[in-house]
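Engineer: Below you will find the structure I want to go over with you.
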Amino acid sequence: MKFVRTSIIALALLGTSAAAQQAAPPLAAIPVTLAPAIPGPESGRIIVFAKRAEPGEAPATMIDTSPFEPSGTAIAAREIWSLTPGEVASVDTETDTFPAAFASLPPGTYRFQAVLDRNRDYNYGGRGGGDIVSPIVEATLPGPLPLLTLTDTLPERTMEDGLARVPAETAAMLRENLSKAEPIDFVSPALSAFWGRPVHVRGWAALPPGYAKGGPRFPTVYSTGGFGSTLMSAQGNAAAMIDLMAKGEAPPMIWIYLDQSSPTGTHEFADSVNNGPWGQALTAEFIPWIETQYAMDAKPSSRFLTGHSSGGWATLWLQVRYPKLFGGSWPTSPDPSDFHDFTNVDIYAPSANAYSDAQGQPVPLVRDKGKVIATFEQFAKMERVIGPYGGQLASFEWVFSPKGPDGRPMPLYDRLTGKVDPEVALYWRDHYDIAYIVERDWPKLKRDLDGKIHLAVGTADTFYLDGSAHRLKAVFDKLGAHQDFTFISDRTHFDLFKQGDDDRGLMKEIAWAMYAKARPGAKRPAKEGRTTPPVSLAM
């Protein structure tokens, strides 16, 4: 189950007083203040959203932006470090804005809302617990910008908030199984030494029916979440797998759902000079520890990896980086594995630019049913205004980039112009370009890696990730390797797992393919009655 990023709160539509409206000067900045009832002082990033109100449109409960409609909402933002109640912070609407300065917005009535992102994590999960929001205020442009008062502190998200957004039948199934998932919490010595504080590897375990610690041992699957996933969504995934195993629709295995979210985005379980030794922590510390906690086979032929999107990249990377440790990886729609096609950008091309191609045309990044709905430039510039941390594109740099003179990751490309830094690109290639590393190191990797990768992606992937997968396949084909690549016709990033009427069909195929590796000769029950033929993901 994937929880879609939405606010949990429905804000009442409130207006400011006439005096407050008159107090807002017609300047190139929008005033934001902290309500007297908020204790303060407060720090964080103030983000102001402005969306045109169409005639006859129903009152809004929230003004927000979306990468699937990047230009639909105007954004302005600034950092604050000690805002006290009643104090006004002026948010510049001319420079740190997207898609353009507010002064250039078409004339009309707009709805404005301010959010104080106290944890500076809006890029990863949107507004959440502890953030402070203003009521929605309408104003006509051109004209004075309204005063926005931060009044309401949002509560922490709960599992029930997520369950309220899924079909009733699914919610009931999850409620029945959530308590059966077991929490996992391990303090990593390597990561703690890197950061100078305790750093945890966390997740949830889904155990097969009739499991007993002193009983039979089971194969183990390590699954990582995609961008936007959390420890809470990992619990939901564990509950869903417990249901599948109880019904006999998935084989009996131990599933470990790992949380790979971090303040910088997703750490991908890769050793990084910026995020720390996450690969070492998982393979040399966490796995030896957890194999003492559960009745696991604890051998490579029964250790498997799977994940979707950023989680797909992580599981693909772990299989290539530690080929002896794992018996196979089943990544789905993985993030780019060949940086000649980093979501339509060849970062190695002469004069490479992330925003425009060789013909000067905008580089597309997000599509739906063949229509481009966001470009790389739109996505990058929107993310930059929302904040410097936690966004999908910045997250890649925290994993892949060398550390710069200021102690932060060096950007792959200039956020203003899109120009790619060739030195950073070469660092990415040598350390994290999976296709390059496989071809470079194949003589050493072949014995332990050959036949272990089973990748699936849709031919209409929302983020064009099928392009990079084709390139990785070409490398394996050139090497004469025995990997399994499945390109599912017309599937996107979000409906890849659907088979017929079964939204979890592909996951079941993956689970049975893993089980056949760990238990050769085991038969899949015939009672399930699949409505469509299985895709090629097995041995």
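Residues are named by chain letter and number: chains run A, B, ... in the order of the structure tokens, numbers start at 1 in each chain, and ligands are numbered from 1 in the order shown.
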Please extract the residues of stretch 300-529 of chain A with a backbone DSSP assignment of strand (DSSP E or B) and present them as a VMD selection string.
Structural biologist: chain A and resid 303 to 308 328 to 332 353 356 362 364 to 368 371 to 375 403 409 413 419 to 420 453 to 458 484 to 488 499 502
Engineer: I need the residues from that last selection saved to file as a compact mmCIF listing (two decimals), in the first residue's frame (with C-alpha atoms), if you can.
Structural biologist:
```txt
# COMPACT_ATOMS: atom_id res chain seq x y z
CA ARG A 303 17.98 -13.67 0.92
CA PHE A 304 16.06 -11.57 -1.59
CA LEU A 305 15.53 -7.90 -2.41
CA THR A 306 12.64 -5.95 -3.87
CA GLY A 307 11.46 -2.37 -3.97
CA HIS A 308 9.69 0.14 -6.17
CA GLY A 328 18.28 -12.18 -6.25
CA SER A 329 16.81 -8.72 -6.68
CA TRP A 330 13.35 -7.92 -8.08
CA PRO A 331 13.36 -4.13 -8.59
CA THR A 332 10.24 -2.54 -10.04
CA ASN A 353 22.01 20.40 -19.72
CA SER A 356 17.05 21.44 -22.51
CA PRO A 362 12.61 21.33 -22.77
CA PRO A 364 10.29 16.18 -20.15
CA LEU A 365 10.23 14.56 -16.72
CA VAL A 366 6.63 13.59 -15.93
CA ARG A 367 4.07 12.20 -18.39
CA ASP A 368 0.61 10.70 -18.28
CA LYS A 371 1.14 13.79 -22.51
CA VAL A 372 4.01 15.69 -20.89
CA ILE A 373 2.76 17.25 -17.68
CA ALA A 374 6.04 18.49 -16.17
CA THR A 375 9.51 19.27 -17.44
CA LYS A 403 31.01 16.70 -0.80
CA PRO A 409 26.72 17.72 -1.75
CA TYR A 413 23.52 20.83 -12.43
CA LYS A 419 24.07 23.23 -16.94
CA VAL A 420 25.57 19.91 -15.81
CA ILE A 453 18.44 -9.49 -11.47
CA HIS A 454 14.72 -9.61 -12.37
CA LEU A 455 13.58 -6.10 -13.30
CA ALA A 456 10.08 -4.95 -14.27
CA VAL A 457 9.00 -1.54 -15.55
CA GLY A 458 6.11 -0.16 -17.57
CA ASP A 484 15.39 -11.09 -16.64
CA PHE A 485 13.97 -7.74 -17.81
CA THR A 486 10.21 -7.35 -18.22
CA PHE A 487 8.72 -4.31 -19.98
CA ILE A 488 4.98 -4.29 -19.30
CA GLN A 499 -3.02 -7.73 -13.30
CA ASP A 502 -5.87 -7.70 -8.99
```
Engineer: With only C-alpha atoms as the counted atoms, please give the residues lying no more than 9 Å from stretch 107-119 of chain A, apart from itself and same-chain residues fewer than 3 positions off, as a compact mmCIF listing (two decimals) with all heavy atoms, in the first residue's frame.
Structural biologist:
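Resulting contents of part.txt:
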```txt
# COMPACT_ATOMS: atom_id res chain seq x y z
N VAL A 32 3.56 37.82 6.34
CA VAL A 32 3.10 36.64 7.08
C VAL A 32 3.42 36.87 8.55
O VAL A 32 4.55 37.25 8.90
CB VAL A 32 3.77 35.36 6.57
CG1 VAL A 32 3.29 34.15 7.38
CG2 VAL A 32 3.49 35.15 5.09
N GLU A 42 9.27 30.87 16.53
CA GLU A 42 9.27 29.72 15.64
C GLU A 42 10.31 29.89 14.54
O GLU A 42 10.62 31.01 14.13
CB GLU A 42 7.89 29.54 14.99
CG GLU A 42 6.79 29.17 15.96
CD GLU A 42 6.91 27.75 16.49
OE1 GLU A 42 7.75 26.99 15.95
OE2 GLU A 42 6.17 27.40 17.43
N SER A 43 10.84 28.76 14.10
CA SER A 43 11.77 28.76 12.97
C SER A 43 11.30 27.74 11.94
O SER A 43 10.48 26.88 12.24
CB SER A 43 13.19 28.43 13.43
OG SER A 43 13.26 27.10 13.92
N GLY A 44 11.82 27.86 10.74
CA GLY A 44 11.45 26.94 9.67
C GLY A 44 11.44 27.68 8.34
O GLY A 44 12.12 28.69 8.17
N ARG A 45 10.69 27.15 7.41
CA ARG A 45 10.58 27.77 6.09
C ARG A 45 9.13 28.14 5.84
O ARG A 45 8.24 27.27 5.88
CB ARG A 45 11.08 26.83 4.99
CG ARG A 45 11.17 27.50 3.61
CD ARG A 45 11.96 26.64 2.64
NE ARG A 45 12.10 27.24 1.31
CZ ARG A 45 13.05 28.11 0.97
NH1 ARG A 45 13.95 28.49 1.87
NH2 ARG A 45 13.12 28.60 -0.25
N ILE A 46 8.88 29.42 5.61
CA ILE A 46 7.54 29.87 5.26
C ILE A 46 7.36 29.68 3.76
O ILE A 46 8.16 30.15 2.95
CB ILE A 46 7.33 31.35 5.62
CG1 ILE A 46 7.40 31.56 7.14
CG2 ILE A 46 5.97 31.83 5.10
CD1 ILE A 46 7.27 33.01 7.55
N ILE A 47 6.30 28.97 3.40
CA ILE A 47 5.95 28.76 1.99
C ILE A 47 4.57 29.36 1.77
O ILE A 47 3.63 29.04 2.49
CB ILE A 47 5.94 27.27 1.62
CG1 ILE A 47 7.22 26.58 2.08
CG2 ILE A 47 5.78 27.10 0.11
CD1 ILE A 47 7.20 25.06 1.95
N VAL A 48 4.48 30.26 0.80
CA VAL A 48 3.21 30.89 0.45
C VAL A 48 2.72 30.32 -0.88
O VAL A 48 3.47 30.27 -1.86
CB VAL A 48 3.35 32.42 0.36
CG1 VAL A 48 2.05 33.04 -0.14
CG2 VAL A 48 3.73 33.01 1.71
N PHE A 49 1.48 29.88 -0.90
CA PHE A 49 0.86 29.33 -2.10
C PHE A 49 -0.23 30.28 -2.59
O PHE A 49 -1.01 30.79 -1.79
CB PHE A 49 0.24 27.96 -1.80
CG PHE A 49 1.22 26.94 -1.27
CD1 PHE A 49 1.39 26.77 0.09
CD2 PHE A 49 1.98 26.18 -2.14
CE1 PHE A 49 2.29 25.84 0.58
CE2 PHE A 49 2.89 25.25 -1.66
CZ PHE A 49 3.04 25.08 -0.30
N ALA A 50 -0.28 30.48 -3.91
CA ALA A 50 -1.30 31.33 -4.51
C ALA A 50 -1.87 30.60 -5.73
O ALA A 50 -1.13 30.24 -6.64
CB ALA A 50 -0.72 32.67 -4.92
N LYS A 51 -3.18 30.40 -5.73
CA LYS A 51 -3.84 29.68 -6.82
C LYS A 51 -5.05 30.47 -7.29
O LYS A 51 -5.85 30.94 -6.47
CB LYS A 51 -4.26 28.28 -6.37
CG LYS A 51 -4.79 27.38 -7.49
CD LYS A 51 -5.07 26.00 -6.97
CE LYS A 51 -5.58 25.06 -8.07
NZ LYS A 51 -4.55 24.79 -9.08
N ARG A 52 -5.17 30.61 -8.59
CA ARG A 52 -6.27 31.39 -9.13
C ARG A 52 -7.60 30.70 -8.84
O ARG A 52 -7.74 29.48 -9.00
CB ARG A 52 -6.09 31.58 -10.63
CG ARG A 52 -7.13 32.52 -11.25
CD ARG A 52 -6.74 32.93 -12.63
NE ARG A 52 -7.72 33.82 -13.22
CZ ARG A 52 -7.53 34.49 -14.34
NH1 ARG A 52 -6.39 34.35 -15.00
NH2 ARG A 52 -8.47 35.30 -14.81
N ALA A 53 -8.59 31.48 -8.40
CA ALA A 53 -9.93 30.98 -8.13
C ALA A 53 -10.78 31.18 -9.37
O ALA A 53 -10.99 32.31 -9.81
CB ALA A 53 -10.54 31.71 -6.94
N GLU A 54 -11.24 30.09 -9.93
CA GLU A 54 -12.06 30.18 -11.13
C GLU A 54 -13.50 30.52 -10.75
O GLU A 54 -13.99 30.16 -9.67
CB GLU A 54 -12.02 28.86 -11.89
CG GLU A 54 -10.62 28.44 -12.34
CD GLU A 54 -9.97 29.45 -13.27
OE1 GLU A 54 -10.72 30.16 -13.98
OE2 GLU A 54 -8.73 29.55 -13.29
N PRO A 55 -14.23 31.24 -11.62
CA PRO A 55 -15.63 31.61 -11.33
C PRO A 55 -16.47 30.37 -11.03
O PRO A 55 -16.42 29.37 -11.74
CB PRO A 55 -16.08 32.29 -12.63
CG PRO A 55 -14.82 32.80 -13.26
CD PRO A 55 -13.77 31.79 -12.92
N ALA A 60 -12.06 26.29 -1.24
CA ALA A 60 -10.94 25.37 -1.10
C ALA A 60 -10.69 25.06 0.37
O ALA A 60 -10.93 25.89 1.24
CB ALA A 60 -9.69 25.97 -1.73
N MET A 62 -7.57 23.63 1.07
CA MET A 62 -6.12 23.68 1.16
C MET A 62 -5.59 24.20 -0.17
O MET A 62 -6.08 23.84 -1.23
CB MET A 62 -5.56 22.29 1.45
CG MET A 62 -4.03 22.22 1.49
SD MET A 62 -3.45 20.56 1.92
CE MET A 62 -3.95 19.62 0.49
N ILE A 63 -4.58 25.06 -0.11
CA ILE A 63 -3.89 25.50 -1.31
C ILE A 63 -2.50 24.87 -1.29
O ILE A 63 -1.74 25.06 -0.33
CB ILE A 63 -3.77 27.04 -1.38
CG1 ILE A 63 -5.15 27.68 -1.19
CG2 ILE A 63 -3.16 27.47 -2.71
CD1 ILE A 63 -6.16 27.30 -2.23
N ASP A 64 -2.18 24.11 -2.31
CA ASP A 64 -0.91 23.37 -2.34
C ASP A 64 -0.45 23.29 -3.79
O ASP A 64 -1.14 23.71 -4.71
CB ASP A 64 -1.10 21.98 -1.74
CG ASP A 64 0.20 21.39 -1.21
OD1 ASP A 64 1.28 21.94 -1.49
OD2 ASP A 64 0.13 20.36 -0.50
N SER A 104 3.74 38.95 -12.04
CA SER A 104 3.47 38.57 -13.42
C SER A 104 2.28 37.63 -13.56
O SER A 104 1.96 37.20 -14.67
CB SER A 104 4.71 37.90 -14.04
OG SER A 104 4.98 36.66 -13.39
N TYR A 122 8.96 19.62 3.75
CA TYR A 122 7.81 19.72 2.85
C TYR A 122 8.08 19.02 1.53
O TYR A 122 7.19 18.42 0.93
CB TYR A 122 7.47 21.18 2.60
CG TYR A 122 6.01 21.43 2.28
CD1 TYR A 122 5.15 21.92 3.26
CD2 TYR A 122 5.48 21.18 1.03
CE1 TYR A 122 3.80 22.14 2.99
CE2 TYR A 122 4.13 21.40 0.74
CZ TYR A 122 3.30 21.88 1.72
OH TYR A 122 1.97 22.09 1.46
N GLY A 126 5.22 16.82 2.24
CA GLY A 126 4.19 17.84 2.30
C GLY A 126 3.97 18.33 3.72
O GLY A 126 4.77 18.09 4.63
N ARG A 127 2.88 19.06 3.94
CA ARG A 127 2.62 19.58 5.29
C ARG A 127 2.25 18.43 6.22
O ARG A 127 1.56 17.48 5.81
CB ARG A 127 1.52 20.65 5.23
CG ARG A 127 0.19 20.19 4.73
CD ARG A 127 -0.74 21.37 4.43
NE ARG A 127 -0.32 22.10 3.24
CZ ARG A 127 -0.94 23.17 2.75
NH1 ARG A 127 -2.03 23.62 3.35
NH2 ARG A 127 -0.50 23.78 1.67
N GLY A 128 2.73 18.52 7.44
CA GLY A 128 2.52 17.42 8.37
C GLY A 128 2.49 17.91 9.80
O GLY A 128 2.43 19.12 10.07
N GLY A 130 2.94 19.34 13.30
CA GLY A 130 3.79 20.41 13.81
C GLY A 130 3.87 21.61 12.90
O GLY A 130 4.25 22.70 13.36
N ASP A 131 3.56 21.46 11.61
CA ASP A 131 3.55 22.61 10.72
C ASP A 131 2.39 23.55 11.10
O ASP A 131 1.36 23.10 11.61
CB ASP A 131 3.39 22.18 9.26
CG ASP A 131 4.63 21.45 8.74
OD1 ASP A 131 5.68 21.53 9.39
OD2 ASP A 131 4.52 20.80 7.68
N ILE A 132 2.57 24.84 10.83
CA ILE A 132 1.56 25.83 11.19
C ILE A 132 1.04 26.45 9.90
O ILE A 132 1.82 26.89 9.05
CB ILE A 132 2.14 26.92 12.12
CG1 ILE A 132 2.86 26.27 13.32
CG2 ILE A 132 1.04 27.85 12.63
CD1 ILE A 132 3.60 27.26 14.20
N VAL A 133 -0.28 26.51 9.75
CA VAL A 133 -0.88 26.99 8.52
C VAL A 133 -1.76 28.21 8.79
O VAL A 133 -2.24 28.43 9.91
CB VAL A 133 -1.71 25.90 7.83
CG1 VAL A 133 -0.85 24.69 7.52
CG2 VAL A 133 -2.91 25.49 8.68
N SER A 134 -1.96 28.99 7.76
CA SER A 134 -2.86 30.14 7.82
C SER A 134 -4.21 29.77 7.23
O SER A 134 -4.31 28.80 6.47
CB SER A 134 -2.27 31.31 7.04
OG SER A 134 -2.47 31.13 5.65
N PRO A 135 -5.25 30.54 7.56
CA PRO A 135 -6.50 30.39 6.81
C PRO A 135 -6.27 30.79 5.35
O PRO A 135 -5.29 31.46 5.01
CB PRO A 135 -7.45 31.39 7.49
CG PRO A 135 -6.84 31.66 8.83
CD PRO A 135 -5.36 31.53 8.64
N ILE A 136 -7.17 30.37 4.48
CA ILE A 136 -7.10 30.75 3.08
C ILE A 136 -7.72 32.14 2.93
O ILE A 136 -8.81 32.41 3.45
CB ILE A 136 -7.86 29.73 2.21
CG1 ILE A 136 -7.16 28.37 2.29
CG2 ILE A 136 -7.95 30.19 0.76
CD1 ILE A 136 -7.93 27.24 1.67
N VAL A 137 -7.01 33.01 2.24
CA VAL A 137 -7.45 34.39 2.05
C VAL A 137 -7.53 34.68 0.56
O VAL A 137 -6.62 34.33 -0.20
CB VAL A 137 -6.47 35.39 2.73
CG1 VAL A 137 -6.92 36.82 2.48
CG2 VAL A 137 -6.36 35.09 4.22
N GLU A 138 -8.60 35.31 0.13
CA GLU A 138 -8.74 35.69 -1.27
C GLU A 138 -8.33 37.14 -1.48
O GLU A 138 -8.58 38.00 -0.62
CB GLU A 138 -10.18 35.48 -1.75
CG GLU A 138 -10.56 34.03 -1.90
CD GLU A 138 -11.86 33.84 -2.68
OE1 GLU A 138 -12.46 34.86 -3.09
OE2 GLU A 138 -12.26 32.68 -2.89
N ALA A 139 -7.71 37.41 -2.61
CA ALA A 139 -7.33 38.77 -2.97
C ALA A 139 -7.32 38.87 -4.49
O ALA A 139 -7.10 37.88 -5.19
CB ALA A 139 -5.97 39.13 -2.40
N THR A 140 -7.52 40.08 -4.98
CA THR A 140 -7.55 40.32 -6.41
C THR A 140 -6.23 40.90 -6.87
O THR A 140 -5.70 41.85 -6.25
CB THR A 140 -8.69 41.28 -6.78
OG1 THR A 140 -9.94 40.70 -6.38
CG2 THR A 140 -8.73 41.52 -8.29
N LEU A 141 -5.67 40.34 -7.91
CA LEU A 141 -4.43 40.83 -8.49
C LEU A 141 -4.71 41.37 -9.89
O LEU A 141 -5.55 40.82 -10.62
CB LEU A 141 -3.40 39.69 -8.56
CG LEU A 141 -2.98 39.06 -7.25
CD1 LEU A 141 -1.94 37.96 -7.50
CD2 LEU A 141 -2.44 40.09 -6.27
N PRO A 142 -4.04 42.48 -10.27
CA PRO A 142 -3.06 43.21 -9.46
C PRO A 142 -3.73 43.97 -8.33
O PRO A 142 -4.87 44.39 -8.46
CB PRO A 142 -2.41 44.14 -10.47
CG PRO A 142 -3.43 44.32 -11.54
CD PRO A 142 -4.19 43.04 -11.63
N PRO A 146 -2.33 40.10 0.45
CA PRO A 146 -2.99 40.03 1.76
C PRO A 146 -2.02 39.66 2.88
O PRO A 146 -0.97 39.05 2.66
CB PRO A 146 -4.01 38.93 1.56
CG PRO A 146 -3.39 38.02 0.56
CD PRO A 146 -2.64 38.93 -0.39
N LEU A 148 -1.20 37.24 5.78
CA LEU A 148 -1.51 35.85 6.12
C LEU A 148 -1.05 35.59 7.55
O LEU A 148 0.12 35.83 7.88
CB LEU A 148 -0.82 34.89 5.15
CG LEU A 148 -1.19 35.07 3.66
CD1 LEU A 148 -0.38 34.09 2.80
CD2 LEU A 148 -2.68 34.87 3.44
N THR A 149 -1.95 35.09 8.37
CA THR A 149 -1.64 34.85 9.78
C THR A 149 -1.60 33.36 10.06
O THR A 149 -2.58 32.64 9.85
CB THR A 149 -2.70 35.51 10.68
OG1 THR A 149 -2.76 36.91 10.40
CG2 THR A 149 -2.35 35.31 12.16
N LEU A 150 -0.46 32.89 10.52
CA LEU A 150 -0.27 31.47 10.86
C LEU A 150 -1.00 31.20 12.17
O LEU A 150 -0.63 31.73 13.22
CB LEU A 150 1.21 31.15 10.98
CG LEU A 150 2.03 31.35 9.69
CD1 LEU A 150 3.53 31.38 10.01
CD2 LEU A 150 1.72 30.25 8.69
N PRO A 263 16.13 12.90 6.55
CA PRO A 263 15.93 14.34 6.35
C PRO A 263 16.37 14.83 4.98
O PRO A 263 15.91 15.88 4.52
CB PRO A 263 16.78 14.96 7.46
CG PRO A 263 16.83 13.93 8.53
CD PRO A 263 16.88 12.62 7.79
```
Engineer: Using only C-alpha atoms, which of A:Ala518, A:Ala190, A:Leu412, A:Met507 sits nearest A:Met241?
Structural biologist: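 When distances to A:Met241 are compared using only C-alpha atoms, the smallest one comes from A:Met507.
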Engineer: At most 10 Å is the cut-off: for each residue in stretch 246-338 of chain A with any atom that close to an atom of stretch 231-237 of chain A, write down the nearest atom pair and the distance in Å rounded to one decimal, counting only C-alpha atoms, chain first then increasing number, as a tab-separated table.
Structural biologist:
```
residue	atom	partner	partner_atom	distance
A:Trp255	CA	A:Asn237	CA	9.6
A:Ile256	CA	A:Ala234	CA	9.0
A:Tyr257	CA	A:Ala234	CA	5.5
A:Leu258	CA	A:Ala234	CA	6.6
A:Asp259	CA	A:Leu231	CA	5.1
A:Gln260	CA	A:Leu231	CA	8.3
A:Ser261	CA	A:Leu231	CA	7.9
```
Engineer: Restricting it to C-alpha atoms, dump the selection as a short mmCIF file (atom, residue, chain, number, x, y, z; two decimals), in the first residue's frame.
Structural biologist:
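Result went into out30.cif, see below:
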```
data_model
loop_
_atom_site.label_atom_id
_atom_site.label_comp_id
_atom_site.auth_asym_id
_atom_site.auth_seq_id
_atom_site.Cartn_x
_atom_site.Cartn_y
_atom_site.Cartn_z
CA TRP A 255 9.41 -9.98 4.82
CA ILE A 256 11.43 -7.10 6.27
CA TYR A 257 10.02 -3.75 5.14
CA LEU A 258 12.74 -1.16 5.62
CA ASP A 259 12.27 2.58 6.02
CA GLN A 260 14.83 4.43 3.90
CA SER A 261 13.48 7.94 4.44
#
```
Engineer: Please extract the residues of stretch 118-242 of chain A with a backbone DSSP assignment of alpha helix (DSSP H) and present them as an MDAnalysis selection string.
Structural biologist: chainID A and resid 122:125 159:163 168:178 189:195 231:242
Engineer: Which residue, A:His267, A:Gly226, A:Ile290, A:Glu285, has the smallest gap to A:Phe494 when you use only C-alpha atoms?
Structural biologist: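 Among A:His267, A:Gly226, A:Ile290, A:Glu285, it is A:Gly226 that comes nearest to A:Phe494.
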Engineer: Which residue is closest to A:Gly391? Choose from A:Tyr515, A:Tyr124, A:Tyr432, A:Phe269 and count only C-alpha atoms.
Structural biologist: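 Of the candidates, the smallest distance to A:Gly391 is held by A:Tyr124.
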Engineer: Which distance in Å separates atom CA of A:Pro144 and atom CA of A:Ala29, to one decimal?
Structural biologist: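 Atom-to-atom, atom CA of A:Pro144 and atom CA of A:Ala29 are spaced 9.6 Å apart.
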Engineer: What gap, in Å, lies between atom CA of A:Ala101 and atom CA of A:Gln361?
Structural biologist: 23.2 Å
